[in-house]
file my_file-v7.txt (compact mmCIF, C-alpha atoms and all ligand atoms)
# COMPACT_ATOMS: atom_id res chain seq x y z
CA MET A 129 -10.54 20.79 -24.51
CA SER A 130 -10.57 20.20 -20.76
CA LYS A 131 -8.06 20.80 -17.99
CA ILE A 132 -7.38 17.83 -15.72
CA GLY A 133 -5.44 18.02 -12.45
CA ILE A 134 -3.67 15.01 -10.96
CA LEU A 135 -2.14 14.46 -7.52
CA THR A 136 -0.52 11.50 -5.77
CA GLY A 137 -0.94 11.34 -1.98
CA GLY A 138 -0.03 9.11 0.99
CA GLY A 139 2.76 6.53 0.97
CA ASP A 140 4.39 6.22 -2.43
CA CYS A 141 4.46 2.92 -4.28
CA PRO A 142 5.77 1.42 -7.50
CA GLY A 143 3.29 2.06 -10.31
CA LEU A 144 2.51 5.72 -9.63
CA ASN A 145 4.62 6.92 -12.54
CA PRO A 146 2.93 4.55 -15.01
CA VAL A 147 -0.40 6.04 -13.85
CA ILE A 148 0.80 9.62 -14.38
CA ARG A 149 2.20 8.68 -17.80
CA ALA A 150 -1.06 7.03 -18.84
CA VAL A 151 -3.18 10.00 -17.73
CA VAL A 152 -1.00 12.45 -19.65
CA ARG A 153 -0.75 10.29 -22.80
CA LYS A 154 -4.49 9.63 -22.93
CA ALA A 155 -5.37 13.28 -22.23
CA CYS A 156 -2.87 14.63 -24.77
CA ASN A 157 -4.21 12.24 -27.43
CA GLU A 158 -7.58 13.92 -26.95
CA GLY A 159 -6.22 17.48 -26.92
CA ASP A 160 -6.63 17.98 -23.18
CA GLU A 161 -4.26 19.61 -20.73
CA VAL A 162 -2.92 18.02 -17.53
CA VAL A 163 -1.69 19.93 -14.50
CA GLY A 164 0.43 18.03 -11.98
CA ILE A 165 -0.12 18.95 -8.35
CA LYS A 166 2.94 18.38 -6.22
CA ASP A 167 3.12 16.45 -2.94
CA GLY A 168 -0.52 15.38 -2.65
CA TRP A 169 -3.06 17.66 -1.01
CA LYS A 170 -0.20 19.91 0.18
CA GLY A 171 0.39 21.07 -3.41
CA LEU A 172 -3.25 22.03 -3.86
CA MET A 173 -3.23 23.95 -0.58
CA GLU A 174 -0.03 25.79 -1.56
CA LEU A 175 -0.66 26.06 -5.30
CA ASP A 176 2.49 24.11 -6.06
CA THR A 177 2.12 22.64 -9.52
CA ALA A 178 4.14 21.17 -12.38
CA LYS A 179 3.50 21.21 -16.10
CA LEU A 180 2.69 17.70 -17.29
CA ASP A 181 3.23 17.39 -21.01
CA LEU A 182 4.66 14.61 -23.17
CA THR A 183 8.24 15.70 -22.39
CA ALA A 184 7.65 15.68 -18.63
CA ILE A 185 6.46 12.08 -18.63
CA SER A 186 8.95 10.68 -21.10
CA GLY A 187 10.93 7.74 -19.66
CA ILE A 188 9.05 7.42 -16.36
CA LEU A 189 7.24 4.11 -17.00
CA SER A 190 9.87 1.98 -15.27
CA ARG A 191 10.66 4.40 -12.44
CA GLY A 192 9.48 3.75 -8.89
CA GLY A 193 8.09 6.54 -6.69
CA THR A 194 6.18 9.48 -8.13
CA ILE A 195 7.57 12.36 -10.19
CA LEU A 196 4.93 14.57 -8.55
CA GLY A 197 6.10 13.86 -5.01
CA THR A 198 3.73 12.91 -2.20
CA SER A 199 2.90 13.73 1.41
CA ARG A 200 0.54 12.64 4.15
CA THR A 201 -1.05 16.11 4.34
CA ASN A 202 -4.69 16.28 5.38
CA PRO A 203 -6.31 19.65 4.46
CA TYR A 204 -9.06 18.94 7.00
CA LYS A 205 -6.41 19.08 9.75
CA LYS A 206 -4.93 22.40 8.58
CA GLU A 207 -6.39 25.78 9.51
CA GLY A 208 -8.15 27.08 6.39
CA GLY A 209 -6.85 24.06 4.43
CA VAL A 210 -10.11 23.12 2.73
CA LEU A 211 -10.80 26.72 1.72
CA LYS A 212 -7.37 26.99 0.11
CA VAL A 213 -7.87 23.72 -1.74
CA LYS A 214 -11.18 24.99 -3.14
CA GLU A 215 -9.77 28.41 -4.07
CA ASN A 216 -6.76 26.90 -5.82
CA PHE A 217 -8.87 24.36 -7.70
CA LYS A 218 -10.75 27.37 -9.14
CA LYS A 219 -7.59 29.42 -9.73
CA LEU A 220 -6.09 26.60 -11.75
CA GLY A 221 -9.24 26.47 -13.90
CA LEU A 222 -9.51 22.70 -13.46
CA ASP A 223 -12.46 20.85 -14.96
CA SER A 224 -11.64 17.72 -12.99
CA LEU A 225 -9.17 16.28 -10.51
CA ILE A 226 -7.71 12.76 -10.58
CA VAL A 227 -6.69 11.73 -7.06
CA VAL A 228 -4.31 8.78 -6.75
CA GLY A 229 -4.16 7.47 -3.21
CA GLY A 230 -5.06 4.99 -0.52
CA GLU A 231 -7.77 5.13 2.15
CA ASP A 232 -6.56 8.46 3.62
CA THR A 233 -5.99 10.45 0.42
CA LEU A 234 -9.18 9.09 -1.16
CA GLY A 235 -11.03 9.69 2.14
CA VAL A 236 -10.22 13.40 1.77
CA ALA A 237 -11.41 13.22 -1.86
CA VAL A 238 -14.77 11.83 -0.71
CA LYS A 239 -15.18 14.69 1.79
CA LEU A 240 -14.24 17.28 -0.82
CA THR A 241 -16.82 15.96 -3.28
CA LYS A 242 -19.40 17.00 -0.66
CA ASP A 243 -17.64 20.20 0.36
CA GLY A 244 -17.33 21.97 -2.97
CA ILE A 245 -15.18 19.97 -5.41
CA PRO A 246 -17.53 17.39 -6.90
CA ASN A 247 -15.43 16.80 -10.03
CA ILE A 248 -13.13 14.13 -8.60
CA VAL A 249 -12.12 10.69 -9.93
CA GLY A 250 -10.14 8.32 -7.69
CA ILE A 251 -7.41 5.81 -8.50
CA PRO A 252 -6.65 3.20 -5.80
CA LYS A 253 -3.01 2.92 -4.74
CA THR A 254 -1.32 1.11 -1.86
CA ILE A 255 1.21 -1.65 -1.42
CA ASP A 256 -1.04 -2.91 1.40
CA ASN A 257 -3.83 -3.91 -1.07
CA ASP A 258 -6.39 -3.09 1.62
CA LEU A 259 -8.80 -0.92 -0.39
CA SER A 260 -12.16 -2.53 -0.95
CA SER A 261 -14.10 -2.52 -4.23
CA THR A 262 -10.99 -3.44 -6.22
CA ASP A 263 -9.40 -6.88 -6.50
CA TYR A 264 -5.91 -5.37 -6.48
CA THR A 265 -4.23 -2.02 -6.03
CA PHE A 266 -1.05 -1.33 -7.98
CA GLY A 267 2.15 -1.39 -5.92
CA PHE A 268 1.08 -4.56 -4.14
CA ASP A 269 2.54 -6.97 -6.67
CA THR A 270 5.93 -5.25 -6.63
CA ALA A 271 6.00 -5.23 -2.81
CA VAL A 272 5.08 -8.94 -2.71
CA ASN A 273 7.87 -9.81 -5.13
CA THR A 274 10.40 -7.78 -3.13
CA ALA A 275 9.34 -9.47 0.12
CA MET A 276 9.35 -12.91 -1.55
CA GLU A 277 12.89 -12.38 -2.79
CA ALA A 278 13.94 -11.33 0.71
CA ILE A 279 12.40 -14.52 2.15
CA ASP A 280 14.29 -16.57 -0.46
CA ARG A 281 17.54 -14.93 0.62
CA LEU A 282 16.79 -15.37 4.32
CA HIS A 283 16.23 -19.10 3.75
CA THR A 284 19.83 -19.76 2.73
CA THR A 285 21.38 -17.94 5.66
CA ALA A 286 18.85 -19.32 8.19
CA GLU A 287 19.57 -22.84 6.94
CA SER A 288 23.35 -22.44 7.11
CA HIS A 289 23.26 -21.14 10.69
CA HIS A 290 20.38 -23.33 11.94
CA ARG A 291 18.47 -20.24 13.02
CA VAL A 292 14.93 -18.95 13.17
CA ILE A 293 14.62 -15.72 11.20
CA VAL A 294 11.64 -13.44 11.78
CA VAL A 295 10.95 -11.21 8.79
CA GLU A 296 8.85 -8.12 9.43
CA ILE A 297 6.76 -7.12 6.43
CA MET A 298 4.67 -3.99 5.77
CA GLY A 299 0.91 -4.05 6.25
CA ARG A 300 -0.74 -1.68 8.67
CA HIS A 301 -4.24 -3.12 9.00
CA ALA A 302 -4.15 -6.04 6.60
CA GLY A 303 -1.67 -8.86 6.08
CA TRP A 304 -1.94 -9.20 2.31
CA ILE A 305 1.77 -8.69 1.59
CA ALA A 306 2.86 -11.10 4.35
CA THR A 307 0.35 -13.73 3.23
CA HIS A 308 1.22 -13.61 -0.48
CA ALA A 309 4.99 -13.24 0.04
CA GLY A 310 4.88 -15.88 2.77
CA ILE A 311 3.12 -18.41 0.53
CA ALA A 312 5.36 -17.57 -2.46
CA GLY A 313 8.54 -17.66 -0.38
CA GLY A 314 7.62 -20.71 1.69
CA ALA A 315 7.46 -19.09 5.14
CA ASP A 316 6.91 -21.62 7.95
CA VAL A 317 4.58 -19.35 9.93
CA ILE A 318 2.71 -16.23 8.72
CA LEU A 319 1.30 -13.76 11.24
CA ILE A 320 -1.10 -11.00 10.17
CA PRO A 321 -3.04 -8.13 11.80
CA GLU A 322 -6.36 -9.91 11.21
CA LEU A 323 -5.48 -12.70 13.68
CA PRO A 324 -3.96 -11.96 17.10
CA VAL A 325 -0.63 -13.71 17.61
CA ASP A 326 -0.46 -16.53 20.16
CA ILE A 327 3.24 -16.87 20.94
CA ASP A 328 2.83 -20.42 22.30
CA GLU A 329 1.19 -21.54 19.05
CA VAL A 330 4.01 -19.97 17.05
CA CYS A 331 6.63 -21.78 19.16
CA ALA A 332 4.70 -25.08 18.88
CA LEU A 333 4.75 -24.80 15.07
CA ILE A 334 8.50 -24.15 15.02
CA LYS A 335 9.14 -27.03 17.44
CA LYS A 336 7.01 -29.35 15.28
CA ARG A 337 9.09 -28.41 12.25
CA HIS A 338 12.36 -28.88 14.12
CA SER A 339 11.20 -32.27 15.44
CA ARG A 340 11.02 -33.57 11.87
CA GLY A 341 14.65 -32.69 11.30
CA LYS A 342 14.43 -29.13 10.03
CA ARG A 343 16.92 -26.99 11.89
CA PHE A 344 15.79 -23.56 10.67
CA SER A 345 12.52 -21.66 10.24
CA ILE A 346 11.23 -18.49 8.65
CA VAL A 347 8.48 -16.55 10.41
CA ALA A 348 6.80 -13.81 8.32
CA VAL A 349 5.01 -11.18 10.39
CA SER A 350 3.05 -8.10 9.32
CA GLU A 351 4.14 -4.93 11.11
CA GLY A 352 0.51 -4.38 12.19
CA ALA A 353 0.12 -7.79 13.88
CA GLN A 354 -0.66 -7.79 17.59
CA PHE A 355 -0.01 -10.24 20.40
CA LYS A 356 -3.12 -11.95 21.70
CA LYS A 357 -3.38 -10.40 25.13
CA GLY A 358 -0.95 -7.53 24.74
CA THR A 359 -1.18 -4.26 22.89
CA MET A 360 0.12 -3.26 19.48
CA VAL A 361 3.85 -2.68 19.45
CA LEU A 362 4.39 0.98 18.70
CA GLN A 363 7.53 2.65 17.53
CA GLU A 364 6.33 6.04 18.65
CA GLU A 365 3.17 7.46 20.16
CA LYS A 366 2.91 10.48 17.82
CA LEU A 367 0.04 10.29 15.34
CA ASP A 368 0.20 11.54 11.75
CA GLU A 369 -2.50 13.80 10.24
CA PHE A 370 -4.66 10.80 9.50
CA GLY A 371 -4.41 9.48 13.08
CA HIS A 372 -1.95 6.63 12.37
CA VAL A 373 0.95 5.65 14.60
CA ARG A 374 4.22 4.67 13.00
CA LEU A 375 4.42 0.90 13.30
CA GLY A 376 7.39 -1.38 13.73
CA GLY A 377 8.83 -3.50 16.51
CA ILE A 378 6.60 -6.59 16.53
CA GLY A 379 9.32 -8.62 14.78
CA GLU A 380 11.90 -7.81 17.40
CA ARG A 381 9.60 -8.75 20.29
CA LEU A 382 8.57 -11.91 18.52
CA ALA A 383 12.18 -12.94 17.87
CA GLY A 384 13.06 -12.34 21.52
CA GLU A 385 10.15 -14.46 22.74
CA ILE A 386 10.89 -17.31 20.30
CA GLU A 387 14.56 -17.46 21.31
CA LYS A 388 13.62 -17.43 25.00
CA LYS A 389 10.91 -20.09 24.69
CA ILE A 390 12.50 -22.60 22.33
CA GLY A 391 16.18 -21.84 22.83
CA CYS A 392 16.96 -21.60 19.12
CA GLU A 393 19.14 -18.74 17.96
CA THR A 394 16.77 -16.20 16.38
CA ARG A 395 17.37 -13.15 14.19
CA ILE A 396 15.14 -10.42 12.85
CA SER A 397 15.05 -8.75 9.46
CA ILE A 398 12.86 -5.67 8.93
CA LEU A 399 12.15 -5.05 5.26
CA GLY A 400 10.59 -1.59 5.77
CA HIS A 401 10.51 0.88 2.92
CA ILE A 402 12.55 -1.37 0.63
CA GLN A 403 9.11 -2.83 -0.17
CA ARG A 404 7.90 0.53 -1.41
CA GLY A 405 10.91 1.41 -3.54
CA GLY A 406 12.26 0.41 -6.90
CA THR A 407 10.97 -0.41 -10.31
CA PRO A 408 7.36 -1.67 -10.68
CA THR A 409 6.66 -5.20 -11.89
CA ALA A 410 4.98 -5.75 -15.26
CA PHE A 411 1.68 -6.40 -13.44
CA ASP A 412 1.82 -3.05 -11.64
CA ARG A 413 2.84 -1.18 -14.79
CA VAL A 414 -0.07 -2.66 -16.73
CA LEU A 415 -2.58 -2.11 -13.92
CA GLY A 416 -1.41 1.48 -13.36
CA THR A 417 -1.61 2.16 -17.10
CA ARG A 418 -5.14 0.74 -17.36
CA PHE A 419 -6.27 2.71 -14.29
CA GLY A 420 -4.81 5.94 -15.70
CA VAL A 421 -6.51 5.59 -19.09
CA LYS A 422 -9.87 4.70 -17.49
CA ALA A 423 -9.64 7.64 -15.05
CA VAL A 424 -9.29 10.10 -17.94
CA GLU A 425 -12.30 8.50 -19.66
CA LEU A 426 -14.36 8.96 -16.48
CA ALA A 427 -13.19 12.56 -16.03
CA LYS A 428 -14.02 13.39 -19.65
CA SER A 429 -17.48 11.87 -19.47
CA GLY A 430 -18.28 13.62 -16.19
CA LYS A 431 -18.50 10.41 -14.15
CA PHE A 432 -17.36 12.01 -10.92
CA GLY A 433 -17.29 10.62 -7.37
CA ARG A 434 -16.15 7.34 -8.92
CA MET A 435 -13.01 5.25 -8.46
CA VAL A 436 -11.44 3.02 -11.10
CA ALA A 437 -11.10 -0.59 -9.96
CA LEU A 438 -10.04 -4.04 -11.09
CA SER A 439 -12.74 -6.69 -11.10
CA GLY A 440 -11.50 -10.03 -12.40
CA ASN A 441 -9.67 -8.89 -15.50
CA LYS A 442 -11.90 -5.91 -16.23
CA ILE A 443 -11.35 -2.29 -15.31
CA ILE A 444 -14.58 -0.92 -13.93
CA ASP A 445 -15.67 2.12 -11.94
CA VAL A 446 -17.18 2.03 -8.47
CA ALA A 447 -18.52 4.58 -6.00
CA LEU A 448 -15.54 6.32 -4.37
CA GLU A 449 -17.36 6.68 -1.06
CA LYS A 450 -18.14 2.97 -0.87
CA ALA A 451 -14.56 2.03 -1.75
CA VAL A 452 -13.12 3.90 1.22
CA SER A 453 -15.85 2.99 3.71
CA THR A 454 -14.36 -0.38 4.72
CA LEU A 455 -10.92 -1.93 4.57
CA LYS A 456 -10.33 -5.13 2.64
CA THR A 457 -8.71 -7.60 4.99
CA VAL A 458 -7.09 -10.93 4.15
CA ASP A 459 -9.41 -13.56 2.74
CA MET A 460 -9.46 -16.36 5.31
CA GLU A 461 -9.74 -18.98 2.55
CA LEU A 462 -6.35 -17.82 1.31
CA TYR A 463 -4.95 -17.88 4.84
CA GLU A 464 -6.16 -21.48 5.22
CA VAL A 465 -4.07 -22.34 2.15
CA ALA A 466 -1.04 -20.66 3.75
CA LYS A 467 -1.63 -22.67 6.97
CA VAL A 468 -1.19 -25.98 5.15
CA PHE A 469 2.53 -25.17 5.05
CA PHE A 470 2.93 -23.97 8.67
CA GLY A 471 5.26 -25.90 10.96
O1 LIG A 501 0.12 2.35 3.82
C1 LIG A 501 1.23 1.85 3.19
C2 LIG A 501 2.37 1.71 4.16
O2 LIG A 501 3.49 1.32 3.40
C3 LIG A 501 2.12 0.77 5.33
O3 LIG A 501 2.33 -0.57 5.00
C4 LIG A 501 3.10 1.31 6.36
O4 LIG A 501 2.66 1.04 7.67
C5 LIG A 501 3.07 2.77 6.11
O5 LIG A 501 2.69 2.96 4.76
C6 LIG A 501 4.41 3.44 6.36
O6 LIG A 501 4.27 4.80 6.15
P1 LIG A 501 5.45 5.87 6.15
O7 LIG A 501 5.97 5.97 4.76
O8 LIG A 501 4.79 7.13 6.57
O9 LIG A 501 6.52 5.40 7.08
call {"tool": "encode", "arguments": {"input": "my_file-v7.txt", "output": "structure tokens", "more": "lines below"}}
Ligand code: F6P
result
Amino acid sequence: MSKIGILTGGGDCPGLNPVIRAVVRKACNEGDEVVGIKDGWKGLMELDTAKLDLTAISGILSRGGTILGTSRTNPYKKEGGVLKVKENFKKLGLDSLIVVGGEDTLGVAVKLTKDGIPNIVGIPKTIDNDLSSTDYTFGFDTAVNTAMEAIDRLHTTAESHHRVIVVEIMGRHAGWIATHAGIAGGADVILIPELPVDIDEVCALIKKRHSRGKRFSIVAVSEGAQFKKGTMVLQEEKLDEFGHVRLGGIGERLAGEIEKKIGCETRISILGHIQRGGTPTAFDRVLGTRFGVKAVELAKSGKFGRMVALSGNKIIDVALEKAVSTLKTVDMELYEVAKVFFG
């Protein structure tokens, strides 16, 4: 029998509960015990845990969010944080720790594997889909579908009022959600962090569209996109414990510029955390479930310092350190496909 800890850290996303359920079901089938650590690394620093048995996970498959809670706590930024994490890992008598997170949470996991807790297995999570070494992270598909549905809805109102509507979509460093939702929803321009925004090009595309009789347009923009010569639009200057600013505001500036330059009434819709909430799609439930089962297998066979990943249709394991070393940005071949429908 072994004792497995699990924590969920960073921004929540649909699919976390299916992962937790899968870890507990697989472990219980094999006579193992699972300890839930609350609110990411914070829970391990503060020894805040929850019993995870079959009763605790019953009925959570379709629920968004995470029953364990999450936080953006970085033990490396807290006085004595790493020491507490190590002490509590021992106190709990854990044989292994499954860490479910994005680049920040898994980045801490990589450091800890070198600083005294080698028995870690990672599971990649983020709506942004920007973790390398895996084709997809769970949460992304749900976010894309939510954003696509929003674009569908914005089409009917934009068309009725003959307006341009700018829709601001999540994506800090990578424009995966905007690109997929934009293609699926038929956005007329898609702007992503990977390619600086040229406002004159955007206006030329809208004008081209309007010149062929279309009297409305939808512009999808990632919150992390930047204007060509300007700076990133920040909501506030304060950094979180992983050094990130809170984004937001590019859509509003873009809408203002478009209205000024082409004289068409322009509105802005910011989707925000709606993209992170709600029930996971079938794809995310299945992916989360497969990741959870594989993570327990790795933990049980002592394959530590590894991260579960999707490669084609296979669940594989990759080096955790490599997975967090670079971000996966939008494939420019995909963006070229999106561009066919611009303007
Ligand atoms: O990293 C995922 C993400 O949803 C980003 O797309 C977004 O910029 C960020 O999290 C928002 O974080 P918070 O929940 O702290 O506002």
call {"tool": "closest_residue", "arguments": {"input": "my_file-v7.txt", "among": "A:Leu220, A:Ile390, A:Ala306, A:Val163", "to": "ligand LIG 501 (chain A)", "atoms": "only C-alpha atoms and all ligand atoms"}}
result
A:Ala306
call {"tool": "residues_near_ligand", "arguments": {"input": "my_file-v7.txt", "ligand": "ligand LIG 501 (chain A)", "cutoff": "6 Å", "atoms": "all atoms listed in the file", "output": "list in words"}}
result
Gly139, Thr254, Ile255, Asp256, Met298, Gly299, Arg300 and Leu375 of chain A
call {"tool": "atom_distance", "arguments": {"input": "my_file-v7.txt", "atom1": "atom CA of Ile386 of chain A", "atom2": "atom CA of Phe469 of chain A"}}
result
19.1 Å
call {"tool": "residues_around", "arguments": {"input": "my_file-v7.txt", "residues": "Ile188 of chain A", "least_positions_apart": "4", "cutoff": "8 Å", "atoms": "only C-alpha atoms", "output": "ChimeraX atom specification"}}
result
/A:145-146,149
call {"tool": "residues_around", "arguments": {"input": "my_file-v7.txt", "residues": "Ala184 of chain A", "least_positions_apart": "3", "cutoff": "10 Å", "atoms": "all atoms listed in the file", "output": "mmCIF file with C-alpha atoms, in the frame of the given file"}}
result
data_model
loop_
_atom_site.group_PDB
_atom_site.id
_atom_site.type_symbol
_atom_site.label_atom_id
_atom_site.label_comp_id
_atom_site.auth_asym_id
_atom_site.auth_seq_id
_atom_site.Cartn_x
_atom_site.Cartn_y
_atom_site.Cartn_z
ATOM 1 C CA ARG A 149 2.200 8.680 -17.800
ATOM 2 C CA VAL A 152 -1.000 12.450 -19.650
ATOM 3 C CA ALA A 178 4.140 21.170 -12.380
ATOM 4 C CA LYS A 179 3.500 21.210 -16.100
ATOM 5 C CA LEU A 180 2.690 17.700 -17.290
ATOM 6 C CA ASP A 181 3.230 17.390 -21.010
ATOM 7 C CA GLY A 187 10.930 7.740 -19.660
ATOM 8 C CA ILE A 188 9.050 7.420 -16.360
ATOM 9 C CA ILE A 195 7.570 12.360 -10.190
#
call {"tool": "atom_distance", "arguments": {"input": "my_file-v7.txt", "atom1": "atom CA of Val292 of chain A", "atom2": "atom CA of Phe344 of chain A"}}
result
5.3 Å
call {"tool": "residues_around", "arguments": {"input": "my_file-v7.txt", "residues": "Leu175 of chain A", "least_positions_apart": "2", "cutoff": "8 Å", "atoms": "all atoms listed in the file", "output": "PDB file with C-alpha atoms, in the coordinates of the input"}}
result
ATOM      1  CA  ILE A 165      -0.120  18.950  -8.350  1.00  0.00           C
ATOM      2  CA  GLY A 171       0.390  21.070  -3.410  1.00  0.00           C
ATOM      3  CA  LEU A 172      -3.250  22.030  -3.860  1.00  0.00           C
ATOM      4  CA  MET A 173      -3.230  23.950  -0.580  1.00  0.00           C
ATOM      5  CA  THR A 177       2.120  22.640  -9.520  1.00  0.00           C
ATOM      6  CA  ASN A 216      -6.760  26.900  -5.820  1.00  0.00           C
TER       7      ASN A 216
END
call {"tool": "build_atoms", "arguments": {"input": "my_file-v7.txt", "residues": "segment 153-169 of chain A", "atoms": "N, CA, C and O atoms", "output": "tab-separated table (two decimals), in the coordinates of the input"}}
result
chain	number	residue	atom	x	y	z
A	153	ARG	N	-0.70	10.76	-21.41
A	153	ARG	CA	-0.75	10.29	-22.80
A	153	ARG	C	-2.19	10.26	-23.32
A	153	ARG	O	-2.48	10.71	-24.41
A	154	LYS	N	-3.08	9.73	-22.51
A	154	LYS	CA	-4.49	9.63	-22.93
A	154	LYS	C	-5.09	11.04	-23.12
A	154	LYS	O	-5.77	11.31	-24.12
A	155	ALA	N	-4.82	11.93	-22.15
A	155	ALA	CA	-5.37	13.28	-22.23
A	155	ALA	C	-4.80	14.03	-23.43
A	155	ALA	O	-5.55	14.68	-24.18
A	156	CYS	N	-3.50	13.92	-23.64
A	156	CYS	CA	-2.87	14.63	-24.77
A	156	CYS	C	-3.42	14.12	-26.10
A	156	CYS	O	-3.65	14.90	-27.03
A	157	ASN	N	-3.64	12.81	-26.20
A	157	ASN	CA	-4.21	12.24	-27.43
A	157	ASN	C	-5.53	12.92	-27.76
A	157	ASN	O	-5.93	13.00	-28.91
A	158	GLU	N	-6.26	13.34	-26.73
A	158	GLU	CA	-7.58	13.92	-26.95
A	158	GLU	C	-7.56	15.45	-26.91
A	158	GLU	O	-8.60	16.08	-26.80
A	159	GLY	N	-6.36	16.02	-26.90
A	159	GLY	CA	-6.22	17.48	-26.92
A	159	GLY	C	-6.49	18.15	-25.58
A	159	GLY	O	-6.77	19.34	-25.52
A	160	ASP	N	-6.40	17.39	-24.51
A	160	ASP	CA	-6.63	17.98	-23.18
A	160	ASP	C	-5.31	18.35	-22.50
A	160	ASP	O	-4.25	17.90	-22.90
A	161	GLU	N	-5.45	19.15	-21.45
A	161	GLU	CA	-4.26	19.61	-20.73
A	161	GLU	C	-4.22	18.98	-19.35
A	161	GLU	O	-5.26	18.85	-18.70
A	162	VAL	N	-3.02	18.60	-18.88
A	162	VAL	CA	-2.92	18.02	-17.53
A	162	VAL	C	-2.00	18.89	-16.66
A	162	VAL	O	-0.91	19.26	-17.07
A	163	VAL	N	-2.49	19.18	-15.46
A	163	VAL	CA	-1.69	19.93	-14.50
A	163	VAL	C	-1.31	18.98	-13.36
A	163	VAL	O	-2.18	18.34	-12.75
A	164	GLY	N	-0.03	18.87	-13.09
A	164	GLY	CA	0.43	18.03	-11.98
A	164	GLY	C	0.44	18.83	-10.70
A	164	GLY	O	0.94	19.96	-10.67
A	165	ILE	N	-0.13	18.27	-9.65
A	165	ILE	CA	-0.12	18.95	-8.35
A	165	ILE	C	0.89	18.24	-7.46
A	165	ILE	O	0.84	17.02	-7.32
A	166	LYS	N	1.82	19.00	-6.93
A	166	LYS	CA	2.94	18.38	-6.22
A	166	LYS	C	2.59	17.99	-4.78
A	166	LYS	O	1.84	18.69	-4.09
A	167	ASP	N	3.19	16.89	-4.34
A	167	ASP	CA	3.12	16.45	-2.94
A	167	ASP	C	1.70	16.29	-2.39
A	167	ASP	O	1.40	16.74	-1.27
A	168	GLY	N	0.83	15.69	-3.13
A	168	GLY	CA	-0.52	15.38	-2.65
A	168	GLY	C	-1.34	16.63	-2.37
A	168	GLY	O	-1.22	17.66	-3.05
A	169	TRP	N	-2.16	16.55	-1.33
A	169	TRP	CA	-3.06	17.66	-1.01
A	169	TRP	C	-2.29	18.93	-0.63
A	169	TRP	O	-2.79	20.04	-0.75
